[in-house]
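Below is one structure, written out as structure tokens; the observations come after it.
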Amino acid sequence: MEPIHFLDDDGTFTLNDPEAVSCLYFPLASEAGLKSAITPGLGGDCKLDQETFLLEPVSSENLHTSRNTRNFWCATEEGCWSAAGVSAQQEADRFTSCQDESALTAGLMWQTVERESKRLGLKAEITSFVPPQDNVEIMEVQLTNTGTVPRNVTGIAAVPIYGRSADNLRDHRNVTSMLHRIKTTDHGVLVKPTMSFDEKGHRENRKIYYVLGSAGTGEKPAAFYPTVEGFLGEGGTFLKPRAVYEGAEGLPAGTKVNGREAMGGICFPAVTLEPGQSAEYIILLGVSEDEAEIDRVLSSFHTVEQVRAALSVTRAHWQEQVNVRYHTGNPDFDRWMRWVSFQPFLRRLYGCSFLPHHDYGRGGRGWRDLWQDCLSLLLMDPQNVGDMIRKNFGGVRVDGTNATIIGAGDGNFIADRNGIARVWMDHALWPLMTTKLYIDQTGDLDILNAPAPYFKDPQALRGTGMDKDWNDAYGNRQRTEGGEIYQGTILEHLLIQHLAAFYEVGAHNIFRLRGADWNDALDMAAEHGESVAFTCAYAGNLRDLAGLLRRMAKEGDTVSLLEEVQELLAGGPAIYPDIPAKTTILERYTRRCIHNVSGRTVRVSFQELAENLEIKADWLMEHLRRQEWISDGENGWFNSYYDNHGRPVEGVRPDGSVRMMLTGQVFAIMSGTAEDEQVAAIARSADRYLYKKEAGGYRLNTDFRELKFDMGRMFGFAYGEKENGAVFSHMTVMYANALYRRGFVREGYKALLALADTAMDFQTSRIYPGIPEYFRADGRGMYHYLTGAASWYMLTVITQVFGVHGEGGDLVIEPKLVREQFDGNGEAAIDLSFAGKQFHVVIANPEGKDFGVYRAPRTVLSREEINSLPESGNTIRVELT
């Protein structure tokens with residue numbers, strides 16, 4: 001197996017014989033909504049949303065079992081050949097000397113596959129991409145005669161049109177084909193089903209699915225095969241369709257067919273290619289509600305010149321979006337980081353679904369995604385993040401929980417009418433983390449005074465009860481006793497989220513796990529489970545929120561809060577060890593807010609609020625250090641959880657086996673709960689029990705060797721898969737981030753480097769450049785592209801490794817680079833945007849010193865100084881001594 005090679009600093013890469021690796025797929029998407037996945041053999045799918053799939057939905061297993069893929073056939077006198085490599089003969093030739101030679105080249109949102117048949121003397125080059133602002137996937141096919149004699153070739157595009165909801169894949173698949181209304185036009189095949197089929201209620205369909213084609217200078221096709229049945233022929237298959245192999249006469253433009261599986265079969269006029277001569281074809285795949293729009297798409301992209309111009313625009317567009325560039329002593333790492341920096345854009349476009357491994361959910365993003373995806377935006381494109389944050393706070397309920405069904409666009413939250421209480425105990429954590437980063441990057445402390453509504457639906461009492469008085473007429477905004485929509489400041493939202501969480505504790509005075517925390521697979525301990533890991537995280541957040549309050553105190557003495565919030569501020573440290581008293585406080589508050597709120601407000605001192613939160617944070621941290629620390633006799637770590645029987649999940653077992661989880665260590669370190677000696681002990685323990693270099697670094701947990709139905713579904717997975725002991729990139733990156741924050745730079749670098757090395761080692765990871773959701777036991781990268789790990793990796797490299805970050809709107813540079821991250825000239829550099837200005841930051845280490853040896857001056861550029869600078873061309877040089 002050959003490795004991937006980078007071709008330039010834009011991240012363009014090449015791979016020979018890509019079909020030799022299973023489950024490779026590539027994302028192609030537009031900002032208008034089209035989302036495609038494409039394999040080297042043109043497999044994958046194409047869709048707008050769950051209800052609108054142009055091509056048949058695929059999961060990862062379909063990539064090597066399904067043959068109803070995009071294809072382009074070449075019919076010659078010597079035989080038929082697939083330019084995509086998908087024919088019966090080419091399948092039979094695999095792993096033999098007769099196999100086609102092929103190579104893939106790709107960059108941000110475009111893919112080119114070259115394939116050559118020595119037997120036929122034909123070479124194909126197929127480039128696929130989606131223009132940023134259009135809902136059309138474009139294929140440019142170039143056929144070249146590499147032989148020594150003229151060759152007659154008939155090109156035939158073959159794209160099966162699924163044209164319906166993903167739900168119909170195994171729900172009335174045949175019945176929904178009867179809804180299809182198919183017609184051929186001068187340039188292609190259009191399919192408009194009569195309705196969307198749903199047992200809950202049928203709806204008139206307005207979507208038109210289409211496949212269009214033209215020869216290189218815009219010539220019309222010769223004929224069409226508009227149905228699967230007609231294209232395959234009786235007994236034919238997608239690997240050997242009779243229409244191609246027998247030269248079946250196609251149907252003309254103007255043909256209509258009803259009630260059949262549709263086929264974008266387009267037969268082009270035969271051409272004679274002299275040796276070295278090429279022919280070009282354009283294939284357009286798309287969805288629209290307007291035939292006039294389809295005509296516009298055709299007129300815009302029906303010639304090779306138009307398509308190549310559009311490709312140039314597409315490539316430039318995505319390169320401009322990723323406006324961070326890295327320069328270290330490892331050029332491949334810098335180029336790999338282009339892809340890591342691009343992945344957050346894919347999360348915005350795809351949500352957490354719609355790529356072959358991400359075959360769960362129905363699109364959209366989760367609550368955490370709203371906030372963690374903002375992290376990368378704050379580093380690359382921060383101008384609209386403040387408005388996004390304000391809208392996102394509209395998803396918080398007044399009991400401190402939040403909406404979990406999130407609609408399209410910012411601030412669109414949907415009521416859960418199924419009566420299913422969905423409470424993840426970590427959800428209140430992420431809004432503050434993101435808001436604090438926003439304030440540091442922009443200096444906009446006043447965002448905490450911005451008003452925001454509260455979300456309202458039937459769920460009440462933090463998911464333990466229902467508001468029986470709520471109905472659709474009430475709406476999804478919290479109201480007052482007077483019927484008005486109540487708005488509180490963002491600060492008030494944050495206070496309620498954290499104070500309510502502080503009082504919701506289990507038998508060990510640790511925050512209850514509820515439905516799960518960040519690890520969704522810890523979902524079977526709702527009654528008695530507790531999350532030590534995220535109790536640590538909340539303790540750190542309480543300190544951070546107190547720090548923001550002290551900064552706000554400089555602008556005024558008091559803040560206005562909802563009257564009911566006083567319930568959560570009552571009682572001092574004397575009640576913190578008293579679990580029943582804490583439970584009573586929370587219940588008293590949530591019952592006052594079960595339907596309406598009073599709407600009345602009180603004034604509270606900033607200083608008193610800050611002290612209240614600091615005392616809570618200090619008490620929590622001391623409680624955690626005293627109760628949750630585990631020792632194996634040499635080193636130690638924190639217990640991360642209690643199971644549904646109230647037992648600690650981690651520790652040394654009677655048989656001498658060790659149970660350790662990474663999550664508890666991450667947040668104990670990051671929050672400041674772990675003292676420096678404990679951080680050092682945790683790092684040694686993690687190296688001993690969790691680190692496996694060949695698997696990608698730090699595994700999420702040791703092998704518990706039991707199903708643990710009292711903890712979560714993760715223990716049902718094979719060890720080394722997903723949440724059960726895989727190297728979960730997101731948590732490993734947060735571990736690295738936490739270590740860097742605490743000054744344990746070598747340890748943090750080890751975690752980051754292990755992930756990058758494994759991802760870039762194609763022999764092991766077998767994925768295109770980027771960071772996957774996790775590496776399984778053998779190191780293979782899984783669930784590629786759509787992972788919050790990318791945002792956290794970027795955040796860590798920029799703000800911790802290079803040390804370029806904001807503090808109250810000022811630009812601060814405090815590098816933590818290690819010796820080997822500098823180039824041969826002793827320099828490392830980063831290009832990035834800050835406060836709307838482009839900076840080139842150079843860190844010079846002329847004496848080649850390591851971190852901890854060199855002295856790094858703390859470089860600060862004030863907001864006022866930044867405002868006086870030009871928009872680009874700003875270089876800052878930091879000399880290490």
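FYI, nothing fancy with the structure tokens labels: chains A, B, ... in order, residues from 1 per chain, ligands from 1 as they appear.
By only C-alpha atoms, and with residues fewer than 5 positions from range 432-445 of chain A along its chain excluded, the set lying at most 8 Å from it is Trp371, Gln372, Cys374, Leu375, Leu378, Val385, Gly386, Ile389, Leu494, Asn541, Leu545, Met552, His805, Gly806, Glu807, Gly808, Gly809, Asp810, Leu811, Phe834 and Ala835 of chain A.
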Could you save those same residues with C-alpha atoms as a PDB file, in the first residue's frame?
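After the write, out_35.pdb holds the following:
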```pdb
ATOM      1  CA  TRP A 371     -20.799  25.755  20.992  1.00  0.00           C
ATOM      2  CA  GLN A 372     -17.711  23.754  20.117  1.00  0.00           C
ATOM      3  CA  CYS A 374     -17.815  28.222  17.398  1.00  0.00           C
ATOM      4  CA  LEU A 375     -14.300  27.643  18.767  1.00  0.00           C
ATOM      5  CA  LEU A 378     -13.487  32.430  16.729  1.00  0.00           C
ATOM      6  CA  VAL A 385     -19.894  34.623  16.289  1.00  0.00           C
ATOM      7  CA  GLY A 386     -21.271  37.114  18.807  1.00  0.00           C
ATOM      8  CA  ILE A 389     -23.794  33.058  20.677  1.00  0.00           C
ATOM      9  CA  LEU A 494     -24.903  31.208  32.617  1.00  0.00           C
ATOM     10  CA  ASN A 541     -16.201  26.980  35.031  1.00  0.00           C
ATOM     11  CA  LEU A 545     -17.447  32.817  35.616  1.00  0.00           C
ATOM     12  CA  MET A 552     -17.792  43.326  35.049  1.00  0.00           C
ATOM     13  CA  HIS A 805      -4.529  34.051  21.917  1.00  0.00           C
ATOM     14  CA  GLY A 806      -6.721  36.873  23.085  1.00  0.00           C
ATOM     15  CA  GLU A 807      -7.045  38.305  26.557  1.00  0.00           C
ATOM     16  CA  GLY A 808      -9.872  40.778  26.874  1.00  0.00           C
ATOM     17  CA  GLY A 809      -9.447  41.711  23.204  1.00  0.00           C
ATOM     18  CA  ASP A 810      -5.668  42.153  23.371  1.00  0.00           C
ATOM     19  CA  LEU A 811      -3.432  39.881  21.291  1.00  0.00           C
ATOM     20  CA  PHE A 834      -7.273  38.484  14.872  1.00  0.00           C
ATOM     21  CA  ALA A 835      -9.676  41.376  15.371  1.00  0.00           C
TER      22      ALA A 835
END
```
Quick one: residues within 6 Å of range 250-267 of chain A, only C-alpha atoms counted, chain neighbours fewer than 4 positions away excluded, as a PDB file with all heavy atoms, in the first residue's frame?
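The file below, result04.pdb, is the result:
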```pdb
ATOM      1  N   ILE A 156     -21.145   6.857 -22.041  1.00  0.00           N
ATOM      2  CA  ILE A 156     -22.480   6.689 -21.453  1.00  0.00           C
ATOM      3  C   ILE A 156     -22.401   6.986 -19.958  1.00  0.00           C
ATOM      4  O   ILE A 156     -21.779   6.230 -19.202  1.00  0.00           O
ATOM      5  CB  ILE A 156     -23.027   5.259 -21.673  1.00  0.00           C
ATOM      6  CG1 ILE A 156     -23.047   4.919 -23.162  1.00  0.00           C
ATOM      7  CG2 ILE A 156     -24.420   5.121 -21.051  1.00  0.00           C
ATOM      8  CD1 ILE A 156     -23.295   3.451 -23.436  1.00  0.00           C
ATOM      9  N   ALA A 157     -23.024   8.067 -19.546  1.00  0.00           N
ATOM     10  CA  ALA A 157     -23.107   8.374 -18.116  1.00  0.00           C
ATOM     11  C   ALA A 157     -24.199   7.504 -17.510  1.00  0.00           C
ATOM     12  O   ALA A 157     -25.250   7.289 -18.119  1.00  0.00           O
ATOM     13  CB  ALA A 157     -23.428   9.847 -17.899  1.00  0.00           C
ATOM     14  N   ALA A 158     -23.947   7.010 -16.288  1.00  0.00           N
ATOM     15  CA  ALA A 158     -24.908   6.119 -15.642  1.00  0.00           C
ATOM     16  C   ALA A 158     -25.008   6.493 -14.169  1.00  0.00           C
ATOM     17  O   ALA A 158     -24.117   6.170 -13.376  1.00  0.00           O
ATOM     18  CB  ALA A 158     -24.474   4.666 -15.792  1.00  0.00           C
ATOM     19  N   VAL A 159     -26.085   7.172 -13.806  1.00  0.00           N
ATOM     20  CA  VAL A 159     -26.280   7.622 -12.430  1.00  0.00           C
ATOM     21  C   VAL A 159     -27.674   7.207 -11.966  1.00  0.00           C
ATOM     22  O   VAL A 159     -28.675   7.820 -12.361  1.00  0.00           O
ATOM     23  CB  VAL A 159     -26.128   9.155 -12.312  1.00  0.00           C
ATOM     24  CG1 VAL A 159     -26.281   9.583 -10.850  1.00  0.00           C
ATOM     25  CG2 VAL A 159     -24.785   9.611 -12.872  1.00  0.00           C
ATOM     26  N   PRO A 160     -27.809   6.169 -11.140  1.00  0.00           N
ATOM     27  CA  PRO A 160     -29.128   5.789 -10.628  1.00  0.00           C
ATOM     28  C   PRO A 160     -29.706   6.911  -9.765  1.00  0.00           C
ATOM     29  O   PRO A 160     -29.024   7.442  -8.886  1.00  0.00           O
ATOM     30  CB  PRO A 160     -28.841   4.543  -9.784  1.00  0.00           C
ATOM     31  CG  PRO A 160     -27.504   4.060 -10.249  1.00  0.00           C
ATOM     32  CD  PRO A 160     -26.748   5.278 -10.669  1.00  0.00           C
ATOM     33  N   ILE A 161     -30.954   7.285 -10.015  1.00  0.00           N
ATOM     34  CA  ILE A 161     -31.587   8.380  -9.277  1.00  0.00           C
ATOM     35  C   ILE A 161     -32.532   7.791  -8.234  1.00  0.00           C
ATOM     36  O   ILE A 161     -33.555   7.200  -8.568  1.00  0.00           O
ATOM     37  CB  ILE A 161     -32.358   9.309 -10.235  1.00  0.00           C
ATOM     38  CG1 ILE A 161     -31.406   9.889 -11.294  1.00  0.00           C
ATOM     39  CG2 ILE A 161     -33.040  10.425  -9.449  1.00  0.00           C
ATOM     40  CD1 ILE A 161     -32.113  10.717 -12.366  1.00  0.00           C
ATOM     41  N   SER A 177     -41.281   4.065  -5.569  1.00  0.00           N
ATOM     42  CA  SER A 177     -40.879   4.190  -6.975  1.00  0.00           C
ATOM     43  C   SER A 177     -42.099   4.439  -7.863  1.00  0.00           C
ATOM     44  O   SER A 177     -41.993   5.048  -8.930  1.00  0.00           O
ATOM     45  CB  SER A 177     -40.137   2.934  -7.437  1.00  0.00           C
ATOM     46  OG  SER A 177     -41.014   1.829  -7.533  1.00  0.00           O
ATOM     47  N   MET A 178     -43.264   3.997  -7.421  1.00  0.00           N
ATOM     48  CA  MET A 178     -44.489   4.219  -8.190  1.00  0.00           C
ATOM     49  C   MET A 178     -44.893   5.694  -8.218  1.00  0.00           C
ATOM     50  O   MET A 178     -45.707   6.111  -9.037  1.00  0.00           O
ATOM     51  CB  MET A 178     -45.622   3.387  -7.602  1.00  0.00           C
ATOM     52  CG  MET A 178     -45.354   1.893  -7.601  1.00  0.00           C
ATOM     53  SD  MET A 178     -46.660   0.990  -6.746  1.00  0.00           S
ATOM     54  CE  MET A 178     -45.904  -0.614  -6.571  1.00  0.00           C
ATOM     55  N   LEU A 179     -44.306   6.470  -7.311  1.00  0.00           N
ATOM     56  CA  LEU A 179     -44.591   7.907  -7.269  1.00  0.00           C
ATOM     57  C   LEU A 179     -43.770   8.685  -8.296  1.00  0.00           C
ATOM     58  O   LEU A 179     -44.064   9.847  -8.567  1.00  0.00           O
ATOM     59  CB  LEU A 179     -44.291   8.468  -5.871  1.00  0.00           C
ATOM     60  CG  LEU A 179     -44.967   7.770  -4.683  1.00  0.00           C
ATOM     61  CD1 LEU A 179     -44.454   8.363  -3.373  1.00  0.00           C
ATOM     62  CD2 LEU A 179     -46.477   7.925  -4.768  1.00  0.00           C
ATOM     63  N   HIS A 180     -42.746   8.050  -8.856  1.00  0.00           N
ATOM     64  CA  HIS A 180     -41.830   8.751  -9.745  1.00  0.00           C
ATOM     65  C   HIS A 180     -42.507   9.146 -11.066  1.00  0.00           C
ATOM     66  O   HIS A 180     -43.211   8.347 -11.692  1.00  0.00           O
ATOM     67  CB  HIS A 180     -40.612   7.882 -10.048  1.00  0.00           C
ATOM     68  CG  HIS A 180     -39.631   7.838  -8.919  1.00  0.00           C
ATOM     69  ND1 HIS A 180     -38.444   7.133  -8.987  1.00  0.00           N
ATOM     70  CD2 HIS A 180     -39.645   8.404  -7.692  1.00  0.00           C
ATOM     71  CE1 HIS A 180     -37.785   7.273  -7.854  1.00  0.00           C
ATOM     72  NE2 HIS A 180     -38.498   8.043  -7.061  1.00  0.00           N
ATOM     73  N   ARG A 181     -42.263  10.370 -11.458  1.00  0.00           N
ATOM     74  CA  ARG A 181     -42.655  10.860 -12.767  1.00  0.00           C
ATOM     75  C   ARG A 181     -41.372  11.282 -13.469  1.00  0.00           C
ATOM     76  O   ARG A 181     -40.724  12.250 -13.067  1.00  0.00           O
ATOM     77  CB  ARG A 181     -43.645  12.027 -12.668  1.00  0.00           C
ATOM     78  CG  ARG A 181     -44.939  11.668 -11.950  1.00  0.00           C
ATOM     79  CD  ARG A 181     -45.749  10.607 -12.714  1.00  0.00           C
ATOM     80  NE  ARG A 181     -47.019  10.284 -12.052  1.00  0.00           N
ATOM     81  CZ  ARG A 181     -47.178   9.275 -11.205  1.00  0.00           C
ATOM     82  NH1 ARG A 181     -46.148   8.481 -10.915  1.00  0.00           N
ATOM     83  NH2 ARG A 181     -48.350   9.039 -10.644  1.00  0.00           N
ATOM     84  N   ILE A 182     -41.001  10.543 -14.486  1.00  0.00           N
ATOM     85  CA  ILE A 182     -39.702  10.684 -15.133  1.00  0.00           C
ATOM     86  C   ILE A 182     -39.889  11.264 -16.529  1.00  0.00           C
ATOM     87  O   ILE A 182     -40.805  10.865 -17.263  1.00  0.00           O
ATOM     88  CB  ILE A 182     -39.001   9.317 -15.241  1.00  0.00           C
ATOM     89  CG1 ILE A 182     -38.958   8.622 -13.875  1.00  0.00           C
ATOM     90  CG2 ILE A 182     -37.597   9.464 -15.814  1.00  0.00           C
ATOM     91  CD1 ILE A 182     -38.602   7.144 -13.966  1.00  0.00           C
ATOM     92  N   LYS A 183     -39.014  12.189 -16.886  1.00  0.00           N
ATOM     93  CA  LYS A 183     -39.045  12.673 -18.264  1.00  0.00           C
ATOM     94  C   LYS A 183     -37.627  12.991 -18.722  1.00  0.00           C
ATOM     95  O   LYS A 183     -36.741  13.311 -17.912  1.00  0.00           O
ATOM     96  CB  LYS A 183     -39.941  13.900 -18.398  1.00  0.00           C
ATOM     97  CG  LYS A 183     -39.417  15.172 -17.756  1.00  0.00           C
ATOM     98  CD  LYS A 183     -40.364  16.342 -18.073  1.00  0.00           C
ATOM     99  CE  LYS A 183     -39.849  17.653 -17.485  1.00  0.00           C
ATOM    100  NZ  LYS A 183     -40.750  18.785 -17.805  1.00  0.00           N
ATOM    101  N   THR A 184     -37.425  12.876 -20.007  1.00  0.00           N
ATOM    102  CA  THR A 184     -36.140  13.229 -20.589  1.00  0.00           C
ATOM    103  C   THR A 184     -36.262  14.587 -21.277  1.00  0.00           C
ATOM    104  O   THR A 184     -37.290  14.917 -21.853  1.00  0.00           O
ATOM    105  CB  THR A 184     -35.677  12.176 -21.605  1.00  0.00           C
ATOM    106  OG1 THR A 184     -36.664  12.056 -22.635  1.00  0.00           O
ATOM    107  CG2 THR A 184     -35.478  10.830 -20.936  1.00  0.00           C
ATOM    108  N   THR A 185     -35.192  15.360 -21.172  1.00  0.00           N
ATOM    109  CA  THR A 185     -35.123  16.654 -21.845  1.00  0.00           C
ATOM    110  C   THR A 185     -33.998  16.589 -22.875  1.00  0.00           C
ATOM    111  O   THR A 185     -33.403  15.528 -23.092  1.00  0.00           O
ATOM    112  CB  THR A 185     -34.841  17.765 -20.828  1.00  0.00           C
ATOM    113  OG1 THR A 185     -33.520  17.582 -20.282  1.00  0.00           O
ATOM    114  CG2 THR A 185     -35.856  17.750 -19.697  1.00  0.00           C
ATOM    115  N   ASP A 186     -33.690  17.701 -23.490  1.00  0.00           N
ATOM    116  CA  ASP A 186     -32.617  17.705 -24.481  1.00  0.00           C
ATOM    117  C   ASP A 186     -31.279  17.273 -23.888  1.00  0.00           C
ATOM    118  O   ASP A 186     -30.414  16.756 -24.584  1.00  0.00           O
ATOM    119  CB  ASP A 186     -32.467  19.112 -25.086  1.00  0.00           C
ATOM    120  CG  ASP A 186     -33.560  19.421 -26.085  1.00  0.00           C
ATOM    121  OD1 ASP A 186     -34.274  18.482 -26.498  1.00  0.00           O
ATOM    122  OD2 ASP A 186     -33.726  20.608 -26.427  1.00  0.00           O
ATOM    123  N   VAL A 189     -32.184  13.699 -17.653  1.00  0.00           N
ATOM    124  CA  VAL A 189     -33.323  13.002 -17.061  1.00  0.00           C
ATOM    125  C   VAL A 189     -33.756  13.754 -15.806  1.00  0.00           C
ATOM    126  O   VAL A 189     -32.936  14.040 -14.929  1.00  0.00           O
ATOM    127  CB  VAL A 189     -32.946  11.551 -16.695  1.00  0.00           C
ATOM    128  CG1 VAL A 189     -34.134  10.829 -16.056  1.00  0.00           C
ATOM    129  CG2 VAL A 189     -32.448  10.802 -17.924  1.00  0.00           C
ATOM    130  N   VAL A 211     -30.294  14.536 -13.555  1.00  0.00           N
ATOM    131  CA  VAL A 211     -28.951  14.246 -14.053  1.00  0.00           C
ATOM    132  C   VAL A 211     -28.917  14.755 -15.487  1.00  0.00           C
ATOM    133  O   VAL A 211     -29.720  14.337 -16.321  1.00  0.00           O
ATOM    134  CB  VAL A 211     -28.627  12.745 -14.008  1.00  0.00           C
ATOM    135  CG1 VAL A 211     -27.262  12.485 -14.641  1.00  0.00           C
ATOM    136  CG2 VAL A 211     -28.658  12.227 -12.579  1.00  0.00           C
ATOM    137  N   PRO A 221     -26.705  15.236 -25.668  1.00  0.00           N
ATOM    138  CA  PRO A 221     -26.580  13.778 -25.743  1.00  0.00           C
ATOM    139  C   PRO A 221     -27.355  13.235 -26.938  1.00  0.00           C
ATOM    140  O   PRO A 221     -28.221  13.914 -27.505  1.00  0.00           O
ATOM    141  CB  PRO A 221     -27.205  13.307 -24.422  1.00  0.00           C
ATOM    142  CG  PRO A 221     -27.147  14.495 -23.510  1.00  0.00           C
ATOM    143  CD  PRO A 221     -27.318  15.693 -24.397  1.00  0.00           C
ATOM    144  N   ALA A 222     -27.073  11.987 -27.272  1.00  0.00           N
ATOM    145  CA  ALA A 222     -27.751  11.351 -28.405  1.00  0.00           C
ATOM    146  C   ALA A 222     -29.038  10.661 -27.984  1.00  0.00           C
ATOM    147  O   ALA A 222     -30.015  10.636 -28.750  1.00  0.00           O
ATOM    148  CB  ALA A 222     -26.809  10.343 -29.065  1.00  0.00           C
ATOM    149  N   ALA A 223     -29.068  10.083 -26.767  1.00  0.00           N
ATOM    150  CA  ALA A 223     -30.242   9.329 -26.310  1.00  0.00           C
ATOM    151  C   ALA A 223     -30.128   9.110 -24.804  1.00  0.00           C
ATOM    152  O   ALA A 223     -29.112   9.447 -24.188  1.00  0.00           O
ATOM    153  CB  ALA A 223     -30.328   7.987 -27.040  1.00  0.00           C
ATOM    154  N   PHE A 224     -31.202   8.505 -24.233  1.00  0.00           N
ATOM    155  CA  PHE A 224     -31.263   8.377 -22.774  1.00  0.00           C
ATOM    156  C   PHE A 224     -31.766   6.992 -22.373  1.00  0.00           C
ATOM    157  O   PHE A 224     -32.545   6.348 -23.097  1.00  0.00           O
ATOM    158  CB  PHE A 224     -32.187   9.445 -22.186  1.00  0.00           C
ATOM    159  CG  PHE A 224     -31.803  10.834 -22.586  1.00  0.00           C
ATOM    160  CD1 PHE A 224     -32.392  11.443 -23.701  1.00  0.00           C
ATOM    161  CD2 PHE A 224     -30.843  11.540 -21.886  1.00  0.00           C
ATOM    162  CE1 PHE A 224     -32.021  12.731 -24.086  1.00  0.00           C
ATOM    163  CE2 PHE A 224     -30.465  12.815 -22.263  1.00  0.00           C
ATOM    164  CZ  PHE A 224     -31.061  13.412 -23.364  1.00  0.00           C
ATOM    165  N   TYR A 225     -31.354   6.574 -21.178  1.00  0.00           N
ATOM    166  CA  TYR A 225     -31.881   5.382 -20.524  1.00  0.00           C
ATOM    167  C   TYR A 225     -32.470   5.863 -19.196  1.00  0.00           C
ATOM    168  O   TYR A 225     -31.774   5.910 -18.174  1.00  0.00           O
ATOM    169  CB  TYR A 225     -30.786   4.350 -20.278  1.00  0.00           C
ATOM    170  CG  TYR A 225     -30.021   3.968 -21.527  1.00  0.00           C
ATOM    171  CD1 TYR A 225     -28.711   4.409 -21.719  1.00  0.00           C
ATOM    172  CD2 TYR A 225     -30.600   3.163 -22.497  1.00  0.00           C
ATOM    173  CE1 TYR A 225     -27.993   4.055 -22.849  1.00  0.00           C
ATOM    174  CE2 TYR A 225     -29.896   2.812 -23.640  1.00  0.00           C
ATOM    175  CZ  TYR A 225     -28.583   3.260 -23.815  1.00  0.00           C
ATOM    176  OH  TYR A 225     -27.894   2.915 -24.942  1.00  0.00           O
ATOM    177  N   PRO A 226     -33.743   6.239 -19.164  1.00  0.00           N
ATOM    178  CA  PRO A 226     -34.293   6.923 -17.987  1.00  0.00           C
ATOM    179  C   PRO A 226     -34.782   6.014 -16.861  1.00  0.00           C
ATOM    180  O   PRO A 226     -35.209   6.511 -15.826  1.00  0.00           O
ATOM    181  CB  PRO A 226     -35.466   7.715 -18.571  1.00  0.00           C
ATOM    182  CG  PRO A 226     -35.911   6.910 -19.739  1.00  0.00           C
ATOM    183  CD  PRO A 226     -34.683   6.255 -20.301  1.00  0.00           C
ATOM    184  N   THR A 227     -34.732   4.690 -17.053  1.00  0.00           N
ATOM    185  CA  THR A 227     -35.147   3.785 -15.976  1.00  0.00           C
ATOM    186  C   THR A 227     -34.050   2.758 -15.710  1.00  0.00           C
ATOM    187  O   THR A 227     -33.308   2.371 -16.629  1.00  0.00           O
ATOM    188  CB  THR A 227     -36.453   3.036 -16.308  1.00  0.00           C
ATOM    189  OG1 THR A 227     -36.224   2.120 -17.374  1.00  0.00           O
ATOM    190  CG2 THR A 227     -37.568   4.011 -16.664  1.00  0.00           C
ATOM    191  N   VAL A 228     -33.963   2.326 -14.467  1.00  0.00           N
ATOM    192  CA  VAL A 228     -33.002   1.286 -14.107  1.00  0.00           C
ATOM    193  C   VAL A 228     -33.293   0.015 -14.898  1.00  0.00           C
ATOM    194  O   VAL A 228     -32.388  -0.642 -15.427  1.00  0.00           O
ATOM    195  CB  VAL A 228     -33.054   1.012 -12.591  1.00  0.00           C
ATOM    196  CG1 VAL A 228     -32.231  -0.231 -12.235  1.00  0.00           C
ATOM    197  CG2 VAL A 228     -32.548   2.225 -11.811  1.00  0.00           C
TER     198      VAL A 228
END
```
Handout entry: Who sits within 7 Å of range 10-13 of chain A, only C-alpha atoms, same chain under 6 positions skipped, as a VMD selection string
Key = chain A and resid 4 105 to 107 335 to 336 338 to 339
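Proximity of A:His357, A:His187, A:Arg170, A:Arg151 to Asn62 in chain A, computed with only C-alpha atoms, is greatest for A:His357.
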Who sits within 12 Å of Ala473 in chain A, only C-alpha atoms, same chain under 5 positions skipped, as a short mmCIF file (atom, residue, chain, number, x, y, z; two decimals) with all heavy atoms, in the first residue's frame:
```cif
data_model
loop_
_atom_site.label_atom_id
_atom_site.label_comp_id
_atom_site.auth_asym_id
_atom_site.auth_seq_id
_atom_site.Cartn_x
_atom_site.Cartn_y
_atom_site.Cartn_z
N LYS A 456 -38.76 27.12 26.00
CA LYS A 456 -39.86 26.53 26.77
C LYS A 456 -40.53 25.43 25.96
O LYS A 456 -40.83 25.60 24.78
CB LYS A 456 -40.89 27.61 27.13
CG LYS A 456 -42.08 27.10 27.95
CD LYS A 456 -41.67 26.61 29.33
CE LYS A 456 -42.88 26.17 30.13
NZ LYS A 456 -42.48 25.49 31.38
N ASP A 457 -40.74 24.29 26.62
CA ASP A 457 -41.49 23.17 26.05
C ASP A 457 -42.10 22.40 27.21
O ASP A 457 -42.07 22.88 28.35
CB ASP A 457 -40.59 22.32 25.15
CG ASP A 457 -39.49 21.59 25.91
OD1 ASP A 457 -39.35 21.81 27.14
OD2 ASP A 457 -38.77 20.78 25.29
N ARG A 479 -42.45 32.45 29.36
CA ARG A 479 -43.27 33.63 29.61
C ARG A 479 -43.37 33.93 31.10
O ARG A 479 -43.08 33.09 31.96
CB ARG A 479 -44.67 33.44 29.01
CG ARG A 479 -44.66 33.34 27.49
CD ARG A 479 -46.04 33.18 26.89
NE ARG A 479 -45.97 33.10 25.44
CZ ARG A 479 -45.98 34.16 24.63
NH1 ARG A 479 -46.07 35.39 25.15
NH2 ARG A 479 -45.91 34.01 23.32
N GLY A 483 -47.90 36.84 30.98
CA GLY A 483 -48.02 36.36 29.60
C GLY A 483 -46.99 36.93 28.65
O GLY A 483 -47.03 36.64 27.45
#
```
